[in-house]
Amino acid sequence: LERGEHHPMDVEAAKKKAAFAAVDEFVKSGMKIGVGSGSTVVYAVERLKQKTDKGELKDVVCVPTSFQSTILLKEAGLMTGDPTEYPELEVAIDGADEVDMKMNCIKGGGACQLQEKIVAACAKKFVVIADYRKEAKTLGEKWKKGVPIEVVPMAYKLLSIKCENFGGKPVLRMAKNKAGPVVTDNGNFVIDCDFGLIEDPVSLNTKLQLIPGVVEVGLFCGMAIKAFFGQKDGSVTTRVASSS
């Protein structure tokens with residue numbers, strides 16, 4: 001491997017360590033919890049299943065944030081619900097594409113940011129699980145694919161122009177195994193907009209949210225209370241939101 005490259009086994013082991021640590025610390029029997037989407041959440045579901053099968057966890061209801069996590073939870077035999085049934089959750093556990101020193105996150109690499117933000121907002125505590133590649137000082141430092149913005153199809157051109165006016169480089173996300181653009185679980189498009197280093201994600205999020213047709217922005221500001229990062233050496237480090 002070249003310097004700076006990441007061994008796939010290291011990355012997967014790191015994701016697993018972070019996910020297991022978060023589930024062990026935050027999930028107790030009888031809880032209603034949010035379960036995010038993406039590759040790291042696969043390991044959180046694995047841990048929930050292990051602990052449920054052993055009888056260590058009982059009567060946990062899981063509220064998923066995508067078709068992906070719904071299928072994972074159902075295949076694991078775990079109880080699921082939705083935010084209309086369970087609008088108040090004890091905790092939500094989800095991955096992130098990048099986390100800065102103030103615990104702001106870029107999310108939406110998997111195009112599920114709308115449901116993820118709704119479920120995170122339902123939870124008293126929002127906890128992030130990730131591997132060492134996602135840990136940054138400033139958003140945009142390591143994640144180079146831009147901020148994912150879910151947009152109503154008829155407004156994607158408008159959003160692209162507005163993003164350029166804000167100094168961004170917008171790209172309509174194209175599907176891999178389907179002709180044309182990615183379509184979200186809600187029938188919308190995704191614009192990935194590279195804003196470079198994002199020194200003030202809160203104001204950028206506000207500006208983007210005000211554009212007509214924008215459904216949700218993949219900037220999660222002031223939401224996460226703790227992040228677990230699986231490291232290359234097999235350890236797990238944590239970052240906690242300051243109370244200020």
# chains A, B, ... in the order shown; residues from 1 in each chain; ligands from 1
$ residues_around --residues "segment 74-85 of chain A" --least-positions-apart "4" --cutoff "6 Å" --atoms "only C-alpha atoms" --output "tab-separated table (two decimals) with all heavy atoms, in the first residue's frame"
chain	number	residue	atom	x	y	z
A	61	VAL	N	-36.81	-1.41	20.42
A	61	VAL	CA	-37.46	-1.09	19.14
A	61	VAL	C	-36.50	-0.22	18.34
A	61	VAL	O	-35.98	0.78	18.84
A	61	VAL	CB	-38.79	-0.34	19.34
A	61	VAL	CG1	-39.41	0.02	17.99
A	61	VAL	CG2	-39.76	-1.17	20.17
A	62	CYS	N	-36.24	-0.64	17.10
A	62	CYS	CA	-35.29	0.06	16.24
A	62	CYS	C	-36.03	0.83	15.14
A	62	CYS	O	-36.83	0.24	14.41
A	62	CYS	CB	-34.34	-0.94	15.58
A	62	CYS	SG	-33.41	-1.94	16.76
A	63	VAL	N	-35.76	2.12	15.04
A	63	VAL	CA	-36.35	2.96	14.00
A	63	VAL	C	-35.29	3.20	12.93
A	63	VAL	O	-34.30	3.90	13.18
A	63	VAL	CB	-36.86	4.29	14.58
A	63	VAL	CG1	-37.37	5.21	13.48
A	63	VAL	CG2	-37.98	4.01	15.60
$ residues_around --residues "segment 167-180 of chain A" --least-positions-apart "3" --cutoff "12 Å" --atoms "only C-alpha atoms" --output "number ranges by chain"
A: 108-111, 140, 144-151, 153, 155-164, 183-184, 188-198, 204, 208
$ write_last_selection --atoms "N, CA, C and O atoms" --output "compact mmCIF listing (two decimals), in the first residue's frame"
# COMPACT_ATOMS: atom_id res chain seq x y z
N GLY A 108 -24.73 11.78 4.25
CA GLY A 108 -25.52 11.71 3.03
C GLY A 108 -24.78 11.08 1.86
O GLY A 108 -25.27 11.08 0.74
N GLY A 109 -23.58 10.52 2.15
CA GLY A 109 -22.85 9.79 1.11
C GLY A 109 -23.68 8.64 0.55
O GLY A 109 -23.53 8.25 -0.60
N GLY A 110 -24.59 8.12 1.39
CA GLY A 110 -25.48 7.05 0.95
C GLY A 110 -26.86 7.55 0.54
O GLY A 110 -27.78 6.75 0.34
N ALA A 111 -27.02 8.87 0.45
CA ALA A 111 -28.25 9.53 -0.02
C ALA A 111 -29.45 9.35 0.91
O ALA A 111 -30.58 9.38 0.47
N GLY A 140 -14.65 19.10 5.14
CA GLY A 140 -14.09 19.32 3.80
C GLY A 140 -12.61 19.02 3.73
O GLY A 140 -12.01 19.03 2.66
N LYS A 144 -13.92 14.72 0.27
CA LYS A 144 -13.77 15.60 -0.90
C LYS A 144 -14.94 15.52 -1.87
O LYS A 144 -14.91 16.15 -2.92
N LYS A 145 -15.96 14.75 -1.53
CA LYS A 145 -17.09 14.58 -2.47
C LYS A 145 -18.16 15.66 -2.30
O LYS A 145 -19.14 15.67 -3.02
N GLY A 146 -17.99 16.53 -1.32
CA GLY A 146 -18.93 17.63 -1.16
C GLY A 146 -20.07 17.34 -0.19
O GLY A 146 -20.21 16.24 0.33
N VAL A 147 -20.88 18.38 0.03
CA VAL A 147 -22.04 18.28 0.91
C VAL A 147 -23.22 17.74 0.10
O VAL A 147 -23.60 18.33 -0.91
N PRO A 148 -23.81 16.62 0.52
CA PRO A 148 -24.96 16.07 -0.20
C PRO A 148 -26.23 16.86 0.14
O PRO A 148 -26.54 17.09 1.31
N ILE A 149 -26.93 17.31 -0.90
CA ILE A 149 -28.15 18.09 -0.72
C ILE A 149 -29.28 17.39 -1.46
O ILE A 149 -29.19 17.20 -2.68
N GLU A 150 -30.30 16.96 -0.74
CA GLU A 150 -31.46 16.32 -1.38
C GLU A 150 -32.38 17.41 -1.90
O GLU A 150 -32.71 18.36 -1.18
N VAL A 151 -32.79 17.27 -3.16
CA VAL A 151 -33.54 18.35 -3.81
C VAL A 151 -34.66 17.77 -4.67
O VAL A 151 -34.51 16.70 -5.27
N PRO A 153 -36.66 17.17 -7.85
CA PRO A 153 -36.06 17.14 -9.20
C PRO A 153 -36.19 18.43 -10.00
O PRO A 153 -35.23 18.87 -10.64
N ALA A 155 -36.08 21.36 -9.13
CA ALA A 155 -35.28 22.48 -8.60
C ALA A 155 -33.78 22.21 -8.65
O ALA A 155 -32.99 23.03 -8.17
N TYR A 156 -33.35 21.09 -9.26
CA TYR A 156 -31.92 20.77 -9.15
C TYR A 156 -31.04 21.77 -9.89
O TYR A 156 -29.93 22.07 -9.46
N LYS A 157 -31.53 22.35 -10.99
CA LYS A 157 -30.75 23.36 -11.73
C LYS A 157 -30.66 24.66 -10.93
O LYS A 157 -29.61 25.29 -10.86
N LEU A 158 -31.79 25.05 -10.34
CA LEU A 158 -31.81 26.23 -9.48
C LEU A 158 -30.79 26.08 -8.35
O LEU A 158 -29.99 26.98 -8.08
N LEU A 159 -30.83 24.92 -7.68
CA LEU A 159 -29.91 24.66 -6.58
C LEU A 159 -28.46 24.73 -7.06
O LEU A 159 -27.59 25.31 -6.39
N SER A 160 -28.18 24.16 -8.24
CA SER A 160 -26.81 24.17 -8.77
C SER A 160 -26.31 25.60 -8.96
O SER A 160 -25.17 25.93 -8.60
N ILE A 161 -27.16 26.46 -9.51
CA ILE A 161 -26.77 27.86 -9.74
C ILE A 161 -26.52 28.56 -8.40
O ILE A 161 -25.52 29.28 -8.24
N LYS A 162 -27.41 28.36 -7.43
CA LYS A 162 -27.26 28.99 -6.11
C LYS A 162 -25.96 28.51 -5.44
O LYS A 162 -25.25 29.30 -4.80
N CYS A 163 -25.67 27.20 -5.57
CA CYS A 163 -24.44 26.65 -4.97
C CYS A 163 -23.21 27.32 -5.57
O CYS A 163 -22.25 27.65 -4.86
N GLU A 164 -23.22 27.52 -6.90
CA GLU A 164 -22.10 28.19 -7.56
C GLU A 164 -21.96 29.63 -7.05
O GLU A 164 -20.86 30.13 -6.83
N VAL A 183 -31.84 8.38 -7.36
CA VAL A 183 -33.14 8.79 -6.83
C VAL A 183 -33.20 8.31 -5.38
O VAL A 183 -32.98 7.13 -5.11
N THR A 184 -33.46 9.22 -4.46
CA THR A 184 -33.48 8.87 -3.03
C THR A 184 -34.69 8.01 -2.70
O THR A 184 -35.61 7.86 -3.51
N ASN A 188 -36.37 11.90 -4.69
CA ASN A 188 -35.70 13.15 -5.03
C ASN A 188 -34.30 12.91 -5.61
O ASN A 188 -33.82 11.78 -5.62
N PHE A 189 -33.66 13.99 -6.07
CA PHE A 189 -32.29 13.94 -6.57
C PHE A 189 -31.33 14.37 -5.46
O PHE A 189 -31.75 14.92 -4.43
N VAL A 190 -30.02 14.13 -5.69
CA VAL A 190 -28.98 14.58 -4.76
C VAL A 190 -27.93 15.38 -5.54
O VAL A 190 -27.42 14.93 -6.56
N ILE A 191 -27.67 16.59 -5.05
CA ILE A 191 -26.56 17.40 -5.56
C ILE A 191 -25.44 17.30 -4.52
O ILE A 191 -25.66 17.55 -3.34
N ASP A 192 -24.25 16.88 -4.96
CA ASP A 192 -23.07 16.90 -4.10
C ASP A 192 -22.31 18.18 -4.42
O ASP A 192 -21.88 18.37 -5.56
N CYS A 193 -22.17 19.06 -3.44
CA CYS A 193 -21.54 20.35 -3.69
C CYS A 193 -20.28 20.52 -2.85
O CYS A 193 -20.33 20.52 -1.62
N ASP A 194 -19.14 20.65 -3.55
CA ASP A 194 -17.85 20.84 -2.89
C ASP A 194 -17.66 22.32 -2.58
O ASP A 194 -17.57 23.14 -3.49
N PHE A 195 -17.64 22.63 -1.28
CA PHE A 195 -17.41 24.01 -0.83
C PHE A 195 -15.99 24.20 -0.30
O PHE A 195 -15.70 25.20 0.36
N GLY A 196 -15.10 23.24 -0.55
CA GLY A 196 -13.76 23.31 0.03
C GLY A 196 -13.83 23.12 1.53
O GLY A 196 -14.69 22.40 2.04
N LEU A 197 -12.94 23.78 2.26
CA LEU A 197 -12.98 23.72 3.73
C LEU A 197 -14.16 24.55 4.23
O LEU A 197 -14.32 25.70 3.83
N ILE A 198 -14.97 23.93 5.09
CA ILE A 198 -16.19 24.61 5.59
C ILE A 198 -15.93 25.09 7.01
O ILE A 198 -16.03 24.33 7.97
N LEU A 204 -23.72 27.91 6.50
CA LEU A 204 -23.87 27.30 5.17
C LEU A 204 -25.14 26.45 5.13
O LEU A 204 -25.93 26.53 4.17
N LEU A 208 -28.36 27.12 2.59
CA LEU A 208 -28.81 26.08 1.64
C LEU A 208 -30.26 25.68 1.90
O LEU A 208 -31.03 25.47 0.97
$ select_by_dssp --residues "segment 30-124 of chain A" --states "strand (DSSP E)" --output "list in words"
Lys32, Ile33, Gly34, Val35, Val61, Cys62, Val63, Pro64, Met79, Thr80, Leu89, Glu90, Val91, Ala92, Ile93, Asp94, Glu98, Val99, Cys105, Ile106, Ala123 and Lys124 of chain A
$ residues_around --residues "Met103 of chain A" --least-positions-apart "5" --cutoff "7 Å" --atoms "only C-alpha atoms" --output "list of chain:residue names"
A:Gly222, A:Ala224, A:Ala241
$ closest_atom_pairs --of "segment 7-74 of chain A" --to "segment 90-102 of chain A" --cutoff "12 Å" --atoms "only C-alpha atoms" --output "JSON lines"
{"residue": "A:Lys15", "atom": "CA", "partner": "A:Gly95", "partner_atom": "CA", "distance": 9.2}
{"residue": "A:Lys16", "atom": "CA", "partner": "A:Gly95", "partner_atom": "CA", "distance": 11.5}
{"residue": "A:Ala18", "atom": "CA", "partner": "A:Gly95", "partner_atom": "CA", "distance": 9.8}
{"residue": "A:Ala19", "atom": "CA", "partner": "A:Ile93", "partner_atom": "CA", "distance": 8.5}
{"residue": "A:Phe20", "atom": "CA", "partner": "A:Ile93", "partner_atom": "CA", "distance": 10.9}
{"residue": "A:Ala21", "atom": "CA", "partner": "A:Ile93", "partner_atom": "CA", "distance": 11.1}
{"residue": "A:Ala22", "atom": "CA", "partner": "A:Ile93", "partner_atom": "CA", "distance": 7.6}
{"residue": "A:Val23", "atom": "CA", "partner": "A:Ile93", "partner_atom": "CA", "distance": 7.9}
{"residue": "A:Asp24", "atom": "CA", "partner": "A:Ile93", "partner_atom": "CA", "distance": 11.5}
{"residue": "A:Glu25", "atom": "CA", "partner": "A:Val91", "partner_atom": "CA", "distance": 10.9}
{"residue": "A:Phe26", "atom": "CA", "partner": "A:Val91", "partner_atom": "CA", "distance": 7.2}
{"residue": "A:Val27", "atom": "CA", "partner": "A:Val91", "partner_atom": "CA", "distance": 7.6}
{"residue": "A:Lys28", "atom": "CA", "partner": "A:Glu90", "partner_atom": "CA", "distance": 9.6}
{"residue": "A:Ser29", "atom": "CA", "partner": "A:Glu90", "partner_atom": "CA", "distance": 11.2}
{"residue": "A:Gly30", "atom": "CA", "partner": "A:Glu90", "partner_atom": "CA", "distance": 10.0}
{"residue": "A:Met31", "atom": "CA", "partner": "A:Glu90", "partner_atom": "CA", "distance": 6.4}
{"residue": "A:Lys32", "atom": "CA", "partner": "A:Glu90", "partner_atom": "CA", "distance": 5.9}
{"residue": "A:Ile33", "atom": "CA", "partner": "A:Val91", "partner_atom": "CA", "distance": 5.1}
{"residue": "A:Gly34", "atom": "CA", "partner": "A:Ala92", "partner_atom": "CA", "distance": 3.9}
{"residue": "A:Val35", "atom": "CA", "partner": "A:Ile93", "partner_atom": "CA", "distance": 5.4}
{"residue": "A:Gly36", "atom": "CA", "partner": "A:Asp94", "partner_atom": "CA", "distance": 4.2}
{"residue": "A:Ser37", "atom": "CA", "partner": "A:Asp94", "partner_atom": "CA", "distance": 6.4}
{"residue": "A:Gly38", "atom": "CA", "partner": "A:Gly95", "partner_atom": "CA", "distance": 6.6}
{"residue": "A:Ser39", "atom": "CA", "partner": "A:Gly95", "partner_atom": "CA", "distance": 7.9}
{"residue": "A:Thr40", "atom": "CA", "partner": "A:Gly95", "partner_atom": "CA", "distance": 6.0}
{"residue": "A:Val41", "atom": "CA", "partner": "A:Asp94", "partner_atom": "CA", "distance": 6.3}
{"residue": "A:Val42", "atom": "CA", "partner": "A:Gly95", "partner_atom": "CA", "distance": 9.9}
{"residue": "A:Tyr43", "atom": "CA", "partner": "A:Gly95", "partner_atom": "CA", "distance": 10.6}
{"residue": "A:Ala44", "atom": "CA", "partner": "A:Ile93", "partner_atom": "CA", "distance": 8.0}
{"residue": "A:Val45", "atom": "CA", "partner": "A:Ile93", "partner_atom": "CA", "distance": 10.1}
{"residue": "A:Leu48", "atom": "CA", "partner": "A:Ile93", "partner_atom": "CA", "distance": 11.4}
{"residue": "A:Val60", "atom": "CA", "partner": "A:Glu90", "partner_atom": "CA", "distance": 10.7}
{"residue": "A:Val61", "atom": "CA", "partner": "A:Glu90", "partner_atom": "CA", "distance": 10.5}
{"residue": "A:Cys62", "atom": "CA", "partner": "A:Ala92", "partner_atom": "CA", "distance": 9.2}
{"residue": "A:Val63", "atom": "CA", "partner": "A:Ala92", "partner_atom": "CA", "distance": 8.6}
{"residue": "A:Pro64", "atom": "CA", "partner": "A:Ala92", "partner_atom": "CA", "distance": 9.4}
{"residue": "A:Thr65", "atom": "CA", "partner": "A:Asp94", "partner_atom": "CA", "distance": 9.1}
{"residue": "A:Ser66", "atom": "CA", "partner": "A:Asp94", "partner_atom": "CA", "distance": 11.5}
{"residue": "A:Ser69", "atom": "CA", "partner": "A:Asp94", "partner_atom": "CA", "distance": 10.5}
$ write_last_selection --atoms "N, CA, C and O atoms" --output "compact mmCIF listing (two decimals), in the first residue's frame"
# COMPACT_ATOMS: atom_id res chain seq x y z
N LYS A 15 -14.39 0.12 11.85
CA LYS A 15 -15.84 0.38 11.85
C LYS A 15 -16.53 -0.50 12.91
O LYS A 15 -17.38 -0.03 13.66
N LYS A 16 -16.13 -1.77 12.92
CA LYS A 16 -16.77 -2.73 13.84
C LYS A 16 -16.52 -2.35 15.30
O LYS A 16 -17.45 -2.35 16.12
N ALA A 18 -15.86 0.62 16.57
CA ALA A 18 -16.60 1.84 16.91
C ALA A 18 -18.08 1.52 17.13
O ALA A 18 -18.70 1.99 18.10
N ALA A 19 -18.65 0.72 16.23
CA ALA A 19 -20.08 0.39 16.31
C ALA A 19 -20.39 -0.41 17.58
O ALA A 19 -21.36 -0.11 18.29
N PHE A 20 -19.55 -1.41 17.87
CA PHE A 20 -19.76 -2.23 19.07
C PHE A 20 -19.68 -1.37 20.33
O PHE A 20 -20.49 -1.51 21.24
N ALA A 21 -18.68 -0.46 20.37
CA ALA A 21 -18.50 0.39 21.57
C ALA A 21 -19.72 1.28 21.80
O ALA A 21 -20.17 1.44 22.94
N ALA A 22 -20.27 1.84 20.72
CA ALA A 22 -21.43 2.73 20.86
C ALA A 22 -22.66 1.98 21.33
O ALA A 22 -23.39 2.44 22.22
N VAL A 23 -22.90 0.82 20.75
CA VAL A 23 -24.07 0.01 21.16
C VAL A 23 -23.92 -0.40 22.63
O VAL A 23 -24.86 -0.28 23.41
N ASP A 24 -22.71 -0.84 23.01
CA ASP A 24 -22.49 -1.28 24.39
C ASP A 24 -22.71 -0.15 25.39
O ASP A 24 -23.23 -0.36 26.48
N GLU A 25 -22.31 1.06 25.02
CA GLU A 25 -22.43 2.18 25.96
C GLU A 25 -23.85 2.76 26.03
O GLU A 25 -24.31 3.14 27.10
N PHE A 26 -24.53 2.81 24.90
CA PHE A 26 -25.77 3.61 24.85
C PHE A 26 -27.07 2.82 24.82
O PHE A 26 -28.12 3.38 25.13
N VAL A 27 -27.05 1.55 24.40
CA VAL A 27 -28.33 0.84 24.21
C VAL A 27 -28.62 -0.08 25.39
O VAL A 27 -27.81 -0.93 25.76
N LYS A 28 -29.79 0.13 25.97
CA LYS A 28 -30.24 -0.69 27.12
C LYS A 28 -31.60 -1.31 26.78
O LYS A 28 -32.32 -0.81 25.90
N SER A 29 -31.96 -2.34 27.50
CA SER A 29 -33.25 -3.01 27.28
C SER A 29 -34.41 -2.03 27.41
O SER A 29 -34.37 -1.11 28.23
N GLY A 30 -35.44 -2.24 26.58
CA GLY A 30 -36.65 -1.44 26.64
C GLY A 30 -36.56 -0.12 25.89
O GLY A 30 -37.53 0.63 25.84
N MET A 31 -35.39 0.17 25.31
CA MET A 31 -35.22 1.46 24.64
C MET A 31 -35.83 1.47 23.24
O MET A 31 -35.93 0.44 22.57
N LYS A 32 -36.21 2.66 22.81
CA LYS A 32 -36.55 2.93 21.41
C LYS A 32 -35.35 3.67 20.83
O LYS A 32 -34.96 4.73 21.35
N ILE A 33 -34.75 3.10 19.78
CA ILE A 33 -33.50 3.68 19.27
C ILE A 33 -33.58 3.92 17.76
O ILE A 33 -34.29 3.22 17.04
N GLY A 34 -32.84 4.91 17.30
CA GLY A 34 -32.71 5.15 15.87
C GLY A 34 -31.50 4.40 15.34
O GLY A 34 -30.45 4.38 16.00
N VAL A 35 -31.66 3.77 14.19
CA VAL A 35 -30.55 3.01 13.57
C VAL A 35 -30.30 3.61 12.19
O VAL A 35 -31.17 3.59 11.33
N GLY A 36 -29.09 4.15 12.02
CA GLY A 36 -28.74 4.86 10.80
C GLY A 36 -28.52 3.95 9.60
O GLY A 36 -28.95 2.79 9.59
N SER A 37 -27.83 4.51 8.61
CA SER A 37 -27.60 3.80 7.35
C SER A 37 -26.11 3.78 7.04
O SER A 37 -25.35 4.57 7.61
N GLY A 38 -25.71 2.89 6.15
CA GLY A 38 -24.33 2.87 5.69
C GLY A 38 -23.55 1.67 6.19
O GLY A 38 -24.06 0.82 6.92
N SER A 39 -22.27 1.63 5.81
CA SER A 39 -21.45 0.44 6.03
C SER A 39 -21.08 0.23 7.50
O SER A 39 -20.90 -0.91 7.94
N THR A 40 -20.95 1.29 8.28
CA THR A 40 -20.57 1.14 9.69
C THR A 40 -21.76 0.67 10.52
O THR A 40 -21.61 -0.09 11.48
N VAL A 41 -22.95 1.08 10.12
CA VAL A 41 -24.17 0.70 10.85
C VAL A 41 -24.43 -0.82 10.75
O VAL A 41 -25.03 -1.40 11.64
N VAL A 42 -23.92 -1.44 9.69
CA VAL A 42 -24.03 -2.90 9.55
C VAL A 42 -23.51 -3.57 10.83
O VAL A 42 -24.11 -4.53 11.34
N TYR A 43 -22.41 -3.05 11.38
CA TYR A 43 -21.81 -3.64 12.58
C TYR A 43 -22.61 -3.31 13.84
O TYR A 43 -22.64 -4.10 14.79
N ALA A 44 -23.27 -2.16 13.86
CA ALA A 44 -24.14 -1.83 15.00
C ALA A 44 -25.31 -2.81 15.06
O ALA A 44 -25.68 -3.30 16.14
N VAL A 45 -25.86 -3.13 13.89
CA VAL A 45 -26.97 -4.11 13.83
C VAL A 45 -26.47 -5.49 14.25
O VAL A 45 -27.15 -6.21 14.99
N LEU A 48 -26.33 -5.42 18.00
CA LEU A 48 -27.70 -5.46 18.56
C LEU A 48 -28.25 -6.89 18.50
O LEU A 48 -28.87 -7.37 19.45
N VAL A 60 -36.10 -3.99 22.63
CA VAL A 60 -35.55 -2.80 21.98
C VAL A 60 -36.30 -2.61 20.65
O VAL A 60 -36.43 -3.55 19.87
N VAL A 61 -36.81 -1.41 20.42
CA VAL A 61 -37.46 -1.09 19.14
C VAL A 61 -36.50 -0.22 18.34
O VAL A 61 -35.98 0.78 18.84
N CYS A 62 -36.24 -0.64 17.10
CA CYS A 62 -35.29 0.06 16.24
C CYS A 62 -36.03 0.83 15.14
O CYS A 62 -36.83 0.24 14.41
N VAL A 63 -35.76 2.12 15.04
CA VAL A 63 -36.35 2.96 14.00
C VAL A 63 -35.29 3.20 12.93
O VAL A 63 -34.30 3.90 13.18
N PRO A 64 -35.45 2.61 11.73
CA PRO A 64 -34.42 2.72 10.69
C PRO A 64 -34.51 4.02 9.92
O PRO A 64 -35.54 4.71 9.94
N THR A 65 -33.43 4.35 9.19
CA THR A 65 -33.37 5.60 8.45
C THR A 65 -33.35 5.39 6.94
O THR A 65 -33.13 6.34 6.19
N SER A 66 -33.54 4.15 6.48
CA SER A 66 -33.50 3.89 5.04
C SER A 66 -34.04 2.49 4.77
O SER A 66 -34.22 1.69 5.69
N SER A 69 -31.30 0.05 6.05
CA SER A 69 -31.29 -0.34 7.46
C SER A 69 -32.55 -1.10 7.86
O SER A 69 -32.50 -1.96 8.74
$ closest_residue --among "A:Glu199, A:Glu141, A:Glu135, A:Glu88" --to "Val119 of chain A" --atoms "only C-alpha atoms"
A:Glu88
$ atom_distance --atom1 "atom CA of Cys105 of chain A" --atom2 "atom CA of Asp200 of chain A"
11.9 Å
$ closest_residue --among "A:Leu114, A:Leu57, A:Ala227, A:Val202" --to "Ala136 of chain A" --atoms "only C-alpha atoms"
A:Ala227
$ residues_around --residues "Val11 of chain A" --least-positions-apart "3" --cutoff "12 Å" --atoms "only C-alpha atoms" --output "PyMOL selection string"
chain A and resi 5-8+14-18+39-40+130-134+229-234
$ closest_residue --among "A:Ile225, A:Ile71, A:Ile211, A:Cys112" --to "Asn186 of chain A" --atoms "only C-alpha atoms"
A:Cys112
$ atom_distance --atom1 "atom CA of Thr52 of chain A" --atom2 "atom CA of Asp10 of chain A"
26.9 Å
$ select_by_dssp --residues "segment 8-148 of chain A" --states "alpha helix (DSSP H)" --output "number ranges by chain"
A: 8-26, 41-53, 67-75, 113-122
$ closest_residue --among "A:Phe67, A:Phe220, A:Trp143, A:Phe228" --to "Lys117 of chain A" --atoms "only C-alpha atoms"
A:Phe220
$ closest_residue --among "A:Val128, A:Met9, A:Leu72, A:Ile106" --to "Gly218 of chain A" --atoms "only C-alpha atoms"
A:Ile106
$ atom_distance --atom1 "atom CA of Ile118 of chain A" --atom2 "atom CA of Asn104 of chain A"
16.1 Å
